[in-house]
$ cat protein21.cif   # mmCIF, C-alpha atoms
data_final
#
loop_
_atom_site.label_atom_id
_atom_site.label_comp_id
_atom_site.auth_asym_id
_atom_site.auth_seq_id
_atom_site.Cartn_x
_atom_site.Cartn_y
_atom_site.Cartn_z
CA MET A 1 142.21 144.57 85.93
CA ALA A 2 140.21 143.52 82.89
CA SER A 3 139.01 146.18 80.47
CA SER A 4 135.75 147.87 81.36
CA ARG A 5 134.18 146.43 78.21
CA SER A 6 134.75 142.85 79.33
CA ARG A 7 133.66 143.71 82.85
CA VAL A 8 130.37 145.08 81.55
CA ILE A 9 129.83 141.94 79.47
CA GLN A 10 130.62 139.77 82.48
CA LEU A 11 128.16 141.74 84.60
CA TYR A 12 125.49 141.27 81.95
CA LYS A 13 126.12 137.52 81.86
CA ASN A 14 126.00 137.21 85.63
CA LEU A 15 122.74 139.13 85.77
CA LEU A 16 121.24 137.03 82.98
CA TYR A 17 122.13 133.90 84.91
CA LEU A 18 120.42 135.27 88.01
CA GLY A 19 117.39 136.08 85.90
CA ARG A 20 116.65 132.39 85.43
CA ASP A 21 115.25 132.30 88.96
CA TYR A 22 113.33 135.58 88.69
CA PRO A 23 109.76 135.19 90.07
CA LYS A 24 108.17 136.87 87.05
CA GLY A 25 110.05 134.66 84.62
CA TYR A 26 113.24 134.77 82.61
CA ASP A 27 111.77 136.56 79.58
CA TYR A 28 110.41 139.41 81.69
CA PHE A 29 113.79 139.81 83.35
CA ARG A 30 115.82 139.56 80.15
CA THR A 31 113.94 142.25 78.21
CA ARG A 32 114.19 144.66 81.13
CA LEU A 33 117.84 143.88 81.73
CA LYS A 34 118.64 144.45 78.08
CA SER A 35 116.84 147.78 77.93
CA ALA A 36 118.59 148.89 81.13
CA PHE A 37 121.97 148.15 79.58
CA MET A 38 121.03 149.71 76.23
CA LYS A 39 119.94 152.88 77.98
CA ASN A 40 123.53 153.44 79.08
CA ASN A 41 124.88 152.40 75.71
CA ASP A 42 126.54 155.76 75.03
CA VAL A 43 128.24 156.25 78.40
CA THR A 44 131.97 156.71 77.88
CA GLY A 45 133.36 158.42 81.00
CA PRO A 46 135.47 155.91 83.01
CA ALA A 47 134.16 157.24 86.33
CA GLN A 48 130.61 156.91 85.16
CA ILE A 49 131.18 153.37 83.89
CA GLU A 50 132.65 152.48 87.29
CA MET A 51 129.57 153.87 88.96
CA LEU A 52 127.23 151.84 86.75
CA LEU A 53 129.28 148.67 87.30
CA ALA A 54 129.02 149.18 91.05
CA ARG A 55 125.29 149.63 90.65
CA GLY A 56 125.15 146.33 88.77
CA GLN A 57 126.99 144.58 91.60
CA TYR A 58 124.53 146.08 94.05
CA ILE A 59 121.62 144.69 92.04
CA ILE A 60 123.22 141.24 92.05
CA LYS A 61 123.38 141.38 95.85
CA GLU A 62 119.77 142.53 96.05
CA LEU A 63 118.57 139.74 93.77
CA GLU A 64 120.44 137.11 95.78
CA ALA A 65 118.83 138.44 98.96
CA LEU A 66 115.42 138.44 97.28
CA TYR A 67 115.73 134.80 96.22
CA LEU A 68 116.99 133.74 99.63
CA LEU A 69 114.08 135.41 101.37
CA LYS A 70 111.53 134.11 98.90
CA LYS A 71 112.74 130.55 99.32
CA TYR A 72 112.90 130.84 103.11
CA ARG A 73 109.37 132.21 103.29
CA ALA A 74 107.97 129.56 100.97
CA LEU A 75 109.54 126.78 103.03
CA LYS A 76 108.51 128.32 106.31
CA LYS A 77 104.94 128.55 105.13
CA ARG A 78 104.96 124.94 103.99
CA TYR A 79 106.67 123.36 106.96
CA SER A 80 105.76 125.40 110.03
CA SER A 81 102.73 124.22 111.94
CA GLU A 82 102.09 127.48 113.79
CA GLN A 83 98.56 128.52 112.78
CA MET B 1 141.67 117.72 114.47
CA ALA B 2 139.97 118.80 111.28
CA MET B 3 136.95 116.80 110.20
CA ARG B 4 136.11 115.25 106.90
CA VAL B 5 132.52 116.06 106.06
CA LEU B 6 130.07 114.31 103.76
CA VAL B 7 126.94 116.12 102.60
CA GLY B 8 123.93 114.75 100.78
CA CYS B 9 122.56 116.56 97.72
CA LYS B 10 119.21 115.45 96.40
CA ARG B 11 117.97 116.69 93.05
CA VAL B 12 114.31 117.64 93.44
CA ILE B 13 111.68 119.57 91.52
CA ASP B 14 112.28 123.28 92.19
CA TYR B 15 110.32 124.67 95.12
CA ALA B 16 108.69 127.35 92.97
CA VAL B 17 107.25 124.90 90.42
CA LYS B 18 103.60 123.91 90.59
CA ILE B 19 103.53 120.13 91.03
CA ARG B 20 101.31 118.14 88.67
CA VAL B 21 100.26 114.56 89.29
CA LYS B 22 100.51 112.15 86.37
CA PRO B 23 97.07 111.16 85.00
CA ASP B 24 97.72 107.46 85.78
CA LYS B 25 98.44 108.39 89.45
CA THR B 26 101.79 106.63 89.56
CA GLY B 27 103.75 109.74 90.45
CA VAL B 28 104.29 113.38 89.56
CA VAL B 29 105.32 114.89 86.23
CA THR B 30 109.11 115.37 86.18
CA GLU B 31 109.82 115.67 82.45
CA GLY B 32 110.63 119.19 81.32
CA VAL B 33 110.24 120.55 84.85
CA LYS B 34 112.85 122.76 86.50
CA HIS B 35 114.90 120.88 89.08
CA SER B 36 117.27 122.18 91.70
CA LEU B 37 119.18 121.23 94.82
CA ASN B 38 116.83 120.35 97.69
CA PRO B 39 116.65 123.54 99.86
CA PHE B 40 117.35 121.65 103.09
CA ASP B 41 120.40 120.03 101.48
CA GLU B 42 121.48 123.50 100.42
CA ILE B 43 121.47 124.44 104.11
CA ALA B 44 123.50 121.31 104.88
CA VAL B 45 126.03 122.21 102.17
CA GLU B 46 126.30 125.77 103.50
CA GLU B 47 126.97 124.48 107.03
CA ALA B 48 129.70 122.15 105.78
CA VAL B 49 131.31 124.94 103.76
CA ARG B 50 131.22 127.23 106.80
CA LEU B 51 132.93 124.54 108.88
CA LYS B 52 135.62 124.43 106.23
CA GLU B 53 135.97 128.19 106.20
CA LYS B 54 136.41 128.12 109.98
CA LYS B 55 139.15 125.51 109.41
CA LEU B 56 137.16 122.96 111.41
CA ALA B 57 136.71 120.76 108.36
CA SER B 58 139.55 119.65 106.11
CA GLU B 59 137.51 118.38 103.19
CA VAL B 60 133.87 118.53 102.18
CA ILE B 61 132.47 115.86 99.86
CA ALA B 62 129.02 116.04 98.27
CA VAL B 63 127.06 112.95 97.24
CA SER B 64 124.07 112.69 94.94
CA CYS B 65 122.23 109.53 93.94
CA GLY B 66 120.23 109.44 90.75
CA PRO B 67 120.21 109.89 86.97
CA PRO B 68 122.92 111.86 85.06
CA PRO B 69 121.32 115.35 85.58
CA CYS B 70 122.27 114.97 89.27
CA GLN B 71 125.71 116.16 88.18
CA GLU B 72 124.25 119.63 87.74
CA THR B 73 122.95 119.48 91.28
CA LEU B 74 126.40 118.49 92.46
CA ARG B 75 127.82 121.36 90.43
CA THR B 76 125.68 123.77 92.45
CA ALA B 77 127.11 122.32 95.67
CA LEU B 78 130.65 122.56 94.27
CA ALA B 79 130.01 126.20 93.34
CA MET B 80 129.00 126.86 96.94
CA GLY B 81 132.41 125.65 98.09
CA VAL B 82 132.35 121.87 98.36
CA ASP B 83 135.69 120.29 97.40
CA ARG B 84 134.57 117.34 95.32
CA GLY B 85 131.52 115.36 94.37
CA ILE B 86 130.49 111.73 94.14
CA HIS B 87 127.72 110.83 91.76
CA VAL B 88 126.10 107.46 92.41
CA GLU B 89 124.44 106.59 89.15
CA ILE B 90 120.97 105.14 89.47
CA GLY B 91 118.70 105.46 86.49
CA GLY B 92 115.23 104.71 85.23
CA LYS B 93 113.17 102.12 87.08
CA ASP B 94 115.66 101.75 89.93
CA TYR B 95 115.54 105.47 90.66
CA GLU B 96 111.74 105.54 90.75
CA THR B 97 111.69 103.01 93.56
CA LEU B 98 114.73 104.33 95.41
CA GLN B 99 113.80 104.78 99.07
CA PRO B 100 115.49 106.52 102.02
CA ILE B 101 116.67 103.16 103.32
CA HIS B 102 118.67 102.56 100.14
CA VAL B 103 120.12 106.06 100.15
CA SER B 104 121.11 105.70 103.80
CA LYS B 105 122.97 102.47 103.02
CA ILE B 106 124.74 104.13 100.09
CA LEU B 107 125.71 107.10 102.29
CA ALA B 108 126.90 104.81 105.07
CA LYS B 109 129.03 102.84 102.64
CA LEU B 110 130.57 105.99 101.17
CA ALA B 111 131.17 107.43 104.64
CA GLN B 112 133.22 104.37 105.53
CA GLU B 113 135.09 104.39 102.22
CA GLU B 114 135.96 108.06 102.52
CA LYS B 115 136.62 107.85 106.28
CA VAL B 116 134.47 110.87 107.09
CA ASP B 117 133.87 112.19 110.61
CA LEU B 118 130.61 113.97 110.02
CA ILE B 119 127.63 113.56 107.71
CA ILE B 120 125.35 116.55 107.24
CA LEU B 121 122.05 115.99 105.43
CA GLY B 122 118.93 118.03 104.87
CA LYS B 123 116.21 117.08 107.34
CA GLN B 124 113.92 116.11 104.47
CA ALA B 125 113.57 116.51 100.74
CA ILE B 126 110.80 118.73 99.45
CA ASP B 127 109.58 116.07 97.02
CA ASP B 128 108.86 113.02 99.19
CA ASP B 129 109.11 114.74 102.61
CA ALA B 130 110.23 111.42 104.05
CA ASN B 131 112.50 112.81 106.79
CA GLN B 132 114.16 109.42 107.26
CA THR B 133 117.52 109.39 105.52
CA ALA B 134 119.58 111.03 108.28
CA GLN B 135 118.10 108.87 111.02
CA MET B 136 118.52 105.69 109.01
CA THR B 137 122.09 106.56 108.05
CA ALA B 138 122.96 107.03 111.72
CA ALA B 139 121.36 103.68 112.49
CA VAL B 140 123.19 101.84 109.70
CA LEU B 141 126.54 103.22 110.86
CA ASP B 142 125.64 103.05 114.56
CA TRP B 143 126.73 106.69 114.95
CA PRO B 144 125.06 109.30 117.16
CA GLN B 145 122.54 111.56 115.46
CA GLY B 146 121.59 115.21 115.89
CA VAL B 147 118.55 115.82 113.74
CA PHE B 148 116.74 119.15 113.07
CA ALA B 149 119.86 121.06 114.02
CA SER B 150 119.46 124.83 114.20
CA LYS B 151 122.99 125.47 115.45
CA ILE B 152 126.16 123.40 115.51
CA GLU B 153 129.17 124.08 117.72
CA LYS B 154 132.32 122.04 117.65
CA MET B 155 133.85 121.16 120.99
CA ASP B 156 136.84 118.91 121.59
CA GLY B 157 135.92 115.65 119.86
CA THR B 158 132.20 116.30 120.28
CA LEU B 159 129.54 118.47 118.73
CA LYS B 160 127.04 120.56 120.62
CA ILE B 161 123.83 120.64 118.61
CA GLN B 162 120.94 122.97 119.18
CA ARG B 163 117.65 121.46 118.06
CA GLU B 164 114.29 123.04 117.51
CA VAL B 165 111.64 120.99 119.28
CA ASP B 166 108.01 121.72 120.08
CA GLY B 167 107.85 124.65 122.45
CA GLY B 168 111.54 125.36 122.79
CA VAL B 169 115.13 124.49 122.13
CA GLU B 170 116.98 121.34 123.07
CA TYR B 171 120.74 120.88 123.27
CA VAL B 172 122.38 117.55 122.61
CA GLU B 173 126.01 116.59 122.59
CA ALA B 174 127.22 114.00 120.12
CA LYS B 175 130.59 112.31 119.90
CA LEU B 176 132.24 112.23 116.51
CA PRO B 177 131.70 110.59 114.08
CA ALA B 178 128.08 111.69 113.89
CA VAL B 179 125.15 112.33 111.56
CA ILE B 180 123.39 115.69 111.53
CA SER B 181 120.29 116.84 109.69
CA SER B 182 119.71 120.52 109.06
CA ASP B 183 116.61 122.46 110.00
CA LEU B 184 115.40 125.51 108.09
CA ARG B 185 117.00 128.01 110.46
CA LEU B 186 120.49 126.51 110.65
CA ASN B 187 121.93 129.15 108.30
CA GLU B 188 121.25 131.22 105.19
CA PRO B 189 122.73 129.41 102.20
CA ARG B 190 124.77 131.45 99.73
CA TYR B 191 123.80 131.73 96.08
CA ALA B 192 125.73 129.69 93.54
CA THR B 193 126.77 132.51 91.19
CA LEU B 194 127.70 132.06 87.56
CA PRO B 195 131.45 132.69 88.06
CA ASN B 196 131.50 130.10 90.86
CA ILE B 197 129.57 127.57 88.73
CA MET B 198 132.20 128.06 86.02
CA LYS B 199 135.03 127.57 88.51
CA ALA B 200 133.27 124.50 89.88
CA LYS B 201 133.55 122.85 86.46
CA LYS B 202 137.23 122.25 87.25
CA LYS B 203 136.34 120.35 90.40
CA GLN B 204 136.15 116.60 90.29
CA ILE B 205 132.97 114.54 90.28
CA ALA B 206 133.63 110.82 90.71
CA LYS B 207 131.09 108.45 89.19
CA LYS B 208 130.12 105.31 91.01
CA SER B 209 127.65 102.64 90.12
CA ILE B 210 125.44 100.87 92.57
CA SER B 211 127.24 97.56 91.93
CA ASP B 212 130.58 99.18 92.95
CA LEU B 213 129.09 99.89 96.34
CA GLY B 214 127.39 96.53 96.71
CA VAL B 215 124.17 97.99 98.08
CA ASP B 216 120.92 96.15 97.54
CA ILE B 217 118.31 98.56 96.16
CA THR B 218 115.35 96.27 95.68
CA PRO B 219 112.28 98.26 96.73
CA ARG B 220 110.85 97.62 100.21
CA VAL B 221 107.88 99.94 99.87
CA GLU B 222 105.33 99.98 97.07
CA VAL B 223 103.65 103.22 96.04
CA LEU B 224 99.97 102.48 95.41
CA THR B 225 98.71 105.82 94.15
CA VAL B 226 99.77 109.46 94.08
CA GLU B 227 96.90 111.93 94.25
CA ASP B 228 96.34 115.66 94.42
CA PRO B 229 95.44 117.06 97.84
CA PRO B 230 91.69 117.66 98.23
CA VAL B 231 90.53 120.98 96.82
CA ARG B 232 89.19 123.35 99.44
CA GLU B 233 85.45 123.83 99.11
CA ALA B 234 84.23 127.30 98.28
CA GLY B 235 82.73 129.34 101.12
CA ALA B 236 79.48 131.32 101.00
CA LYS B 237 78.55 134.77 102.17
CA VAL B 238 75.62 135.24 104.52
CA GLU B 239 73.44 138.34 104.90
CA SER B 240 72.64 138.21 108.59
CA VAL B 241 73.40 136.50 111.87
CA GLU B 242 70.11 134.54 111.67
CA GLU B 243 71.06 133.15 108.29
CA LEU B 244 74.47 132.19 109.60
CA LEU B 245 72.92 130.35 112.54
CA THR B 246 70.44 128.43 110.37
CA LYS B 247 73.24 127.47 107.98
CA LEU B 248 75.42 126.25 110.82
CA LYS B 249 72.47 124.27 112.23
CA ASP B 250 71.82 122.70 108.84
CA LEU B 251 75.45 121.59 108.76
CA GLY B 252 75.05 120.19 112.25
CA ARG B 253 77.87 122.34 113.69
CA ILE B 254 75.84 123.83 116.55
#

$ encode --input "protein21.cif" --output "structure tokens"
Amino acid sequence: MASSRSRVIQLYKNLLYLGRDYPKGYDYFRTRLKSAFMKNNDVTGPAQIEMLLARGQYIIKELEALYLLKKYRALKKRYSSEQ
Amino acid sequence: MAMRVLVGCKRVIDYAVKIRVKPDKTGVVTEGVKHSLNPFDEIAVEEAVRLKEKKLASEVIAVSCGPPPCQETLRTALAMGVDRGIHVEIGGKDYETLQPIHVSKILAKLAQEEKVDLIILGKQAIDDDANQTAQMTAAVLDWPQGVFASKIEKMDGTLKIQREVDGGVEYVEAKLPAVISSDLRLNEPRYATLPNIMKAKKKQIAKKSISDLGVDITPRVEVLTVEDPPVREAGAKVESVEELLTKLKDLGRI
């Protein structure tokens, strides 16, 4: 498995990419994402890093679900004739 | 028998972008606006990829017609799991007047070249809302069509298609080869993640020009004007029932 340093960087990149579709805009997302990562800047325990990485993966899943739902709702509103 | 599947991928203005009409009313502003894969085509791509994952499809090919940025749209489809892409290059003036009838002829031609068994398209694109390409493609090829599909089941040599119609659900059976168009509730498309986009860069996108295909794309329909929808008039508050009644009478509603 890759070192935890590269995994953290990869997670950051993946989240940044997801941020391009964020409803409140990329800049809003980026500043918050950066501060969230900087907050855990000094974490060194391997178990704790694992836990934070898992949390990052969870957030990726949540964001994907959010975008899916947002798109579905927007389309449903535009193309359904009920009411 | 595993099928070969062709999916259409139109590059449209992103659904979340506020559309602005050009001041000269010839179209909408597309420069510097975020574009993405048409959401209904995304559903079509997802369905094709699921067929492949169920081993019902042997190869999935995505097609996009338009200017060079369409390759990015194809990349999204490749990241979702499509095997390879075909980019039919149409630029500038030709692209502005490209109509569903032309696209359907291009798709039909490619379907015959690639010997596909199934074409899955989005039911409509969110930019022109034409809802014609799938039907026309089926007509050009003289293949059966199952449009507005909300569920697809593969039987032996045929497809059972569930369609959403007014006031209920309709089932149709279509012999292969066939053309299907996806409705909103066919499936939930997966997200094209960054790692998958990166991996998709290794996949092949073949470029074709319109002259290679020998399709005539002279416009059949002329767009006269493009205008904003009418703005809803502001309402007014009334103090009492009497006032409401007199107002309604003045408007001639009662």

$ atom_distance --input "protein21.cif" --atom1 "atom CA of Lys207 of chain B" --atom2 "atom CA of Pro67 of chain B"
11.2 Å

$ resolve_selection --input "protein21.cif" --expression "the PyMOL selection byres ((chain A) within 8 of (chain B))" --output "PyMOL selection string"
chain A and resi 14+17-18+64+68+71-72+74-76

$ atom_distance --input "protein21.cif" --atom1 "atom CA of Asn38 of chain B" --atom2 "atom CA of Ile61 of chain B"
16.4 Å

$ residues_around --input "protein21.cif" --residues "Ala2 of chain B" --least-positions-apart "2" --cutoff "8 Å" --atoms "only C-alpha atoms" --output "list in words"
Arg4, Lys55, Leu56, Ala57 and Ser58 of chain B

$ write_last_selection --input "protein21.cif" --atoms "C-alpha atoms" --output "PDB file, keeping the file's coordinate frame"
ATOM      1  CA  ARG B   4     136.110 115.250 106.900  1.00  0.00           C
ATOM      2  CA  LYS B  55     139.150 125.510 109.410  1.00  0.00           C
ATOM      3  CA  LEU B  56     137.160 122.960 111.410  1.00  0.00           C
ATOM      4  CA  ALA B  57     136.710 120.760 108.360  1.00  0.00           C
ATOM      5  CA  SER B  58     139.550 119.650 106.110  1.00  0.00           C
TER       6      SER B  58
END

$ atom_distance --input "protein21.cif" --atom1 "atom CA of Cys9 of chain B" --atom2 "atom CA of Cys70 of chain B"
8.6 Å

$ closest_residue --input "protein21.cif" --among "A:Glu62, A:Lys39, A:Leu53, A:Gly45" --to "Leu11 of chain A" --atoms "all atoms listed in the file"
A:Leu53

$ closest_residue --input "protein21.cif" --among "B:Leu248, B:Ile254, B:Val33, B:Ile205" --to "Leu74 of chain B" --atoms "all atoms listed in the file"
B:Ile205

$ residues_near_point --input "protein21.cif" --point "(125.0, 148.4, 88.6)" --cutoff "10 Å" --atoms "only C-alpha atoms" --output "list in words"
Val8, Leu11, Tyr12, Leu15, Ala36, Phe37, Ile49, Glu50, Met51, Leu52, Leu53, Ala54, Arg55, Gly56, Gln57, Tyr58, Ile59 and Ile60 of chain A

$ residues_around --input "protein21.cif" --residues "Ile106 of chain B" --least-positions-apart "2" --cutoff "12 Å" --atoms "all atoms listed in the file" --output "PyMOL selection string"
chain B and resi 8+63-66+86-90+98-104+108-113+133-134+136-137+140-141+208-217

$ write_last_selection --input "protein21.cif" --atoms "C-alpha atoms" --output "PDB file, keeping the file's coordinate frame"
ATOM      1  CA  GLY B   8     123.930 114.750 100.780  1.00  0.00           C
ATOM      2  CA  VAL B  63     127.060 112.950  97.240  1.00  0.00           C
ATOM      3  CA  SER B  64     124.070 112.690  94.940  1.00  0.00           C
ATOM      4  CA  CYS B  65     122.230 109.530  93.940  1.00  0.00           C
ATOM      5  CA  GLY B  66     120.230 109.440  90.750  1.00  0.00           C
ATOM      6  CA  ILE B  86     130.490 111.730  94.140  1.00  0.00           C
ATOM      7  CA  HIS B  87     127.720 110.830  91.760  1.00  0.00           C
ATOM      8  CA  VAL B  88     126.100 107.460  92.410  1.00  0.00           C
ATOM      9  CA  GLU B  89     124.440 106.590  89.150  1.00  0.00           C
ATOM     10  CA  ILE B  90     120.970 105.140  89.470  1.00  0.00           C
ATOM     11  CA  LEU B  98     114.730 104.330  95.410  1.00  0.00           C
ATOM     12  CA  GLN B  99     113.800 104.780  99.070  1.00  0.00           C
ATOM     13  CA  PRO B 100     115.490 106.520 102.020  1.00  0.00           C
ATOM     14  CA  ILE B 101     116.670 103.160 103.320  1.00  0.00           C
ATOM     15  CA  HIS B 102     118.670 102.560 100.140  1.00  0.00           C
ATOM     16  CA  VAL B 103     120.120 106.060 100.150  1.00  0.00           C
ATOM     17  CA  SER B 104     121.110 105.700 103.800  1.00  0.00           C
ATOM     18  CA  ALA B 108     126.900 104.810 105.070  1.00  0.00           C
ATOM     19  CA  LYS B 109     129.030 102.840 102.640  1.00  0.00           C
ATOM     20  CA  LEU B 110     130.570 105.990 101.170  1.00  0.00           C
ATOM     21  CA  ALA B 111     131.170 107.430 104.640  1.00  0.00           C
ATOM     22  CA  GLN B 112     133.220 104.370 105.530  1.00  0.00           C
ATOM     23  CA  GLU B 113     135.090 104.390 102.220  1.00  0.00           C
ATOM     24  CA  THR B 133     117.520 109.390 105.520  1.00  0.00           C
ATOM     25  CA  ALA B 134     119.580 111.030 108.280  1.00  0.00           C
ATOM     26  CA  MET B 136     118.520 105.690 109.010  1.00  0.00           C
ATOM     27  CA  THR B 137     122.090 106.560 108.050  1.00  0.00           C
ATOM     28  CA  VAL B 140     123.190 101.840 109.700  1.00  0.00           C
ATOM     29  CA  LEU B 141     126.540 103.220 110.860  1.00  0.00           C
ATOM     30  CA  LYS B 208     130.120 105.310  91.010  1.00  0.00           C
ATOM     31  CA  SER B 209     127.650 102.640  90.120  1.00  0.00           C
ATOM     32  CA  ILE B 210     125.440 100.870  92.570  1.00  0.00           C
ATOM     33  CA  SER B 211     127.240  97.560  91.930  1.00  0.00           C
ATOM     34  CA  ASP B 212     130.580  99.180  92.950  1.00  0.00           C
ATOM     35  CA  LEU B 213     129.090  99.890  96.340  1.00  0.00           C
ATOM     36  CA  GLY B 214     127.390  96.530  96.710  1.00  0.00           C
ATOM     37  CA  VAL B 215     124.170  97.990  98.080  1.00  0.00           C
ATOM     38  CA  ASP B 216     120.920  96.150  97.540  1.00  0.00           C
ATOM     39  CA  ILE B 217     118.310  98.560  96.160  1.00  0.00           C
TER      40      ILE B 217
END

$ closest_residue --input "protein21.cif" --among "B:Pro23, B:Val17, B:Leu78, B:Thr246" --to "Gly25 of chain A" --atoms "only C-alpha atoms"
B:Val17

$ residues_around --input "protein21.cif" --residues "Gly27 of chain B" --least-positions-apart "2" --cutoff "12 Å" --atoms "all atoms listed in the file" --output "list of chain:residue names"
B:Ile19, B:Arg20, B:Val21, B:Lys22, B:Pro23, B:Asp24, B:Lys25, B:Val29, B:Thr30, B:Glu31, B:Glu96, B:Thr97, B:Asp127, B:Asp128, B:Glu222, B:Val223, B:Leu224, B:Thr225, B:Val226, B:Glu227, B:Asp228

$ decode --input "protein21.cif" --residues "segment 37-54 of chain A" --atoms "N, CA, C and O atoms" --output "PDB file, in the first residue's frame"
ATOM      1  N   PHE A  37      -8.142  20.200   6.254  1.00  0.00           N
ATOM      2  CA  PHE A  37      -6.912  19.398   6.203  1.00  0.00           C
ATOM      3  C   PHE A  37      -5.836  19.995   7.099  1.00  0.00           C
ATOM      4  O   PHE A  37      -5.103  19.267   7.770  1.00  0.00           O
ATOM      5  N   MET A  38      -5.740  21.352   7.101  1.00  0.00           N
ATOM      6  CA  MET A  38      -4.708  22.000   7.914  1.00  0.00           C
ATOM      7  C   MET A  38      -4.937  21.774   9.400  1.00  0.00           C
ATOM      8  O   MET A  38      -4.001  21.712  10.188  1.00  0.00           O
ATOM      9  N   LYS A  39      -6.205  21.646   9.759  1.00  0.00           N
ATOM     10  CA  LYS A  39      -6.552  21.454  11.179  1.00  0.00           C
ATOM     11  C   LYS A  39      -5.900  20.175  11.712  1.00  0.00           C
ATOM     12  O   LYS A  39      -5.483  20.108  12.856  1.00  0.00           O
ATOM     13  N   ASN A  40      -5.814  19.171  10.850  1.00  0.00           N
ATOM     14  CA  ASN A  40      -5.223  17.898  11.267  1.00  0.00           C
ATOM     15  C   ASN A  40      -3.773  17.745  10.812  1.00  0.00           C
ATOM     16  O   ASN A  40      -3.243  16.645  10.716  1.00  0.00           O
ATOM     17  N   ASN A  41      -3.171  18.888  10.561  1.00  0.00           N
ATOM     18  CA  ASN A  41      -1.798  18.994  10.104  1.00  0.00           C
ATOM     19  C   ASN A  41      -0.815  18.207  10.977  1.00  0.00           C
ATOM     20  O   ASN A  41       0.099  17.553  10.487  1.00  0.00           O
ATOM     21  N   ASP A  42      -1.021  18.266  12.305  1.00  0.00           N
ATOM     22  CA  ASP A  42      -0.036  17.730  13.240  1.00  0.00           C
ATOM     23  C   ASP A  42      -0.352  16.305  13.693  1.00  0.00           C
ATOM     24  O   ASP A  42       0.296  15.785  14.601  1.00  0.00           O
ATOM     25  N   VAL A  43      -1.332  15.664  13.073  1.00  0.00           N
ATOM     26  CA  VAL A  43      -1.663  14.292  13.461  1.00  0.00           C
ATOM     27  C   VAL A  43      -0.574  13.354  12.968  1.00  0.00           C
ATOM     28  O   VAL A  43      -0.189  13.398  11.800  1.00  0.00           O
ATOM     29  N   THR A  44      -0.045  12.521  13.866  1.00  0.00           N
ATOM     30  CA  THR A  44       1.035  11.625  13.447  1.00  0.00           C
ATOM     31  C   THR A  44       0.711  10.148  13.674  1.00  0.00           C
ATOM     32  O   THR A  44       1.283   9.292  13.006  1.00  0.00           O
ATOM     33  N   GLY A  45      -0.189   9.848  14.615  1.00  0.00           N
ATOM     34  CA  GLY A  45      -0.499   8.442  14.929  1.00  0.00           C
ATOM     35  C   GLY A  45      -1.087   7.724  13.724  1.00  0.00           C
ATOM     36  O   GLY A  45      -2.028   8.227  13.114  1.00  0.00           O
ATOM     37  N   PRO A  46      -0.498   6.565  13.331  1.00  0.00           N
ATOM     38  CA  PRO A  46      -0.984   5.838  12.144  1.00  0.00           C
ATOM     39  C   PRO A  46      -2.470   5.493  12.248  1.00  0.00           C
ATOM     40  O   PRO A  46      -3.201   5.622  11.262  1.00  0.00           O
ATOM     41  N   ALA A  47      -2.917   5.091  13.417  1.00  0.00           N
ATOM     42  CA  ALA A  47      -4.330   4.712  13.580  1.00  0.00           C
ATOM     43  C   ALA A  47      -5.229   5.919  13.353  1.00  0.00           C
ATOM     44  O   ALA A  47      -6.278   5.819  12.724  1.00  0.00           O
ATOM     45  N   GLN A  48      -4.755   7.038  13.866  1.00  0.00           N
ATOM     46  CA  GLN A  48      -5.560   8.254  13.727  1.00  0.00           C
ATOM     47  C   GLN A  48      -5.603   8.708  12.272  1.00  0.00           C
ATOM     48  O   GLN A  48      -6.643   9.149  11.789  1.00  0.00           O
ATOM     49  N   ILE A  49      -4.485   8.594  11.571  1.00  0.00           N
ATOM     50  CA  ILE A  49      -4.448   8.961  10.152  1.00  0.00           C
ATOM     51  C   ILE A  49      -5.410   8.076   9.369  1.00  0.00           C
ATOM     52  O   ILE A  49      -6.171   8.547   8.526  1.00  0.00           O
ATOM     53  N   GLU A  50      -5.391   6.776   9.692  1.00  0.00           N
ATOM     54  CA  GLU A  50      -6.317   5.838   9.036  1.00  0.00           C
ATOM     55  C   GLU A  50      -7.759   6.286   9.222  1.00  0.00           C
ATOM     56  O   GLU A  50      -8.560   6.268   8.300  1.00  0.00           O
ATOM     57  N   MET A  51      -8.043   6.698  10.461  1.00  0.00           N
ATOM     58  CA  MET A  51      -9.409   7.102  10.789  1.00  0.00           C
ATOM     59  C   MET A  51      -9.813   8.327   9.971  1.00  0.00           C
ATOM     60  O   MET A  51     -10.913   8.381   9.425  1.00  0.00           O
ATOM     61  N   LEU A  52      -8.897   9.285   9.857  1.00  0.00           N
ATOM     62  CA  LEU A  52      -9.200  10.511   9.099  1.00  0.00           C
ATOM     63  C   LEU A  52      -9.331  10.220   7.601  1.00  0.00           C
ATOM     64  O   LEU A  52     -10.168  10.810   6.920  1.00  0.00           O
ATOM     65  N   LEU A  53      -8.509   9.287   7.109  1.00  0.00           N
ATOM     66  CA  LEU A  53      -8.614   8.908   5.692  1.00  0.00           C
ATOM     67  C   LEU A  53      -9.978   8.278   5.418  1.00  0.00           C
ATOM     68  O   LEU A  53     -10.609   8.563   4.407  1.00  0.00           O
ATOM     69  N   ALA A  54     -10.412   7.431   6.348  1.00  0.00           N
ATOM     70  CA  ALA A  54     -11.714   6.775   6.181  1.00  0.00           C
ATOM     71  C   ALA A  54     -12.818   7.822   6.186  1.00  0.00           C
ATOM     72  O   ALA A  54     -13.780   7.734   5.427  1.00  0.00           O
TER      73      ALA A  54
END
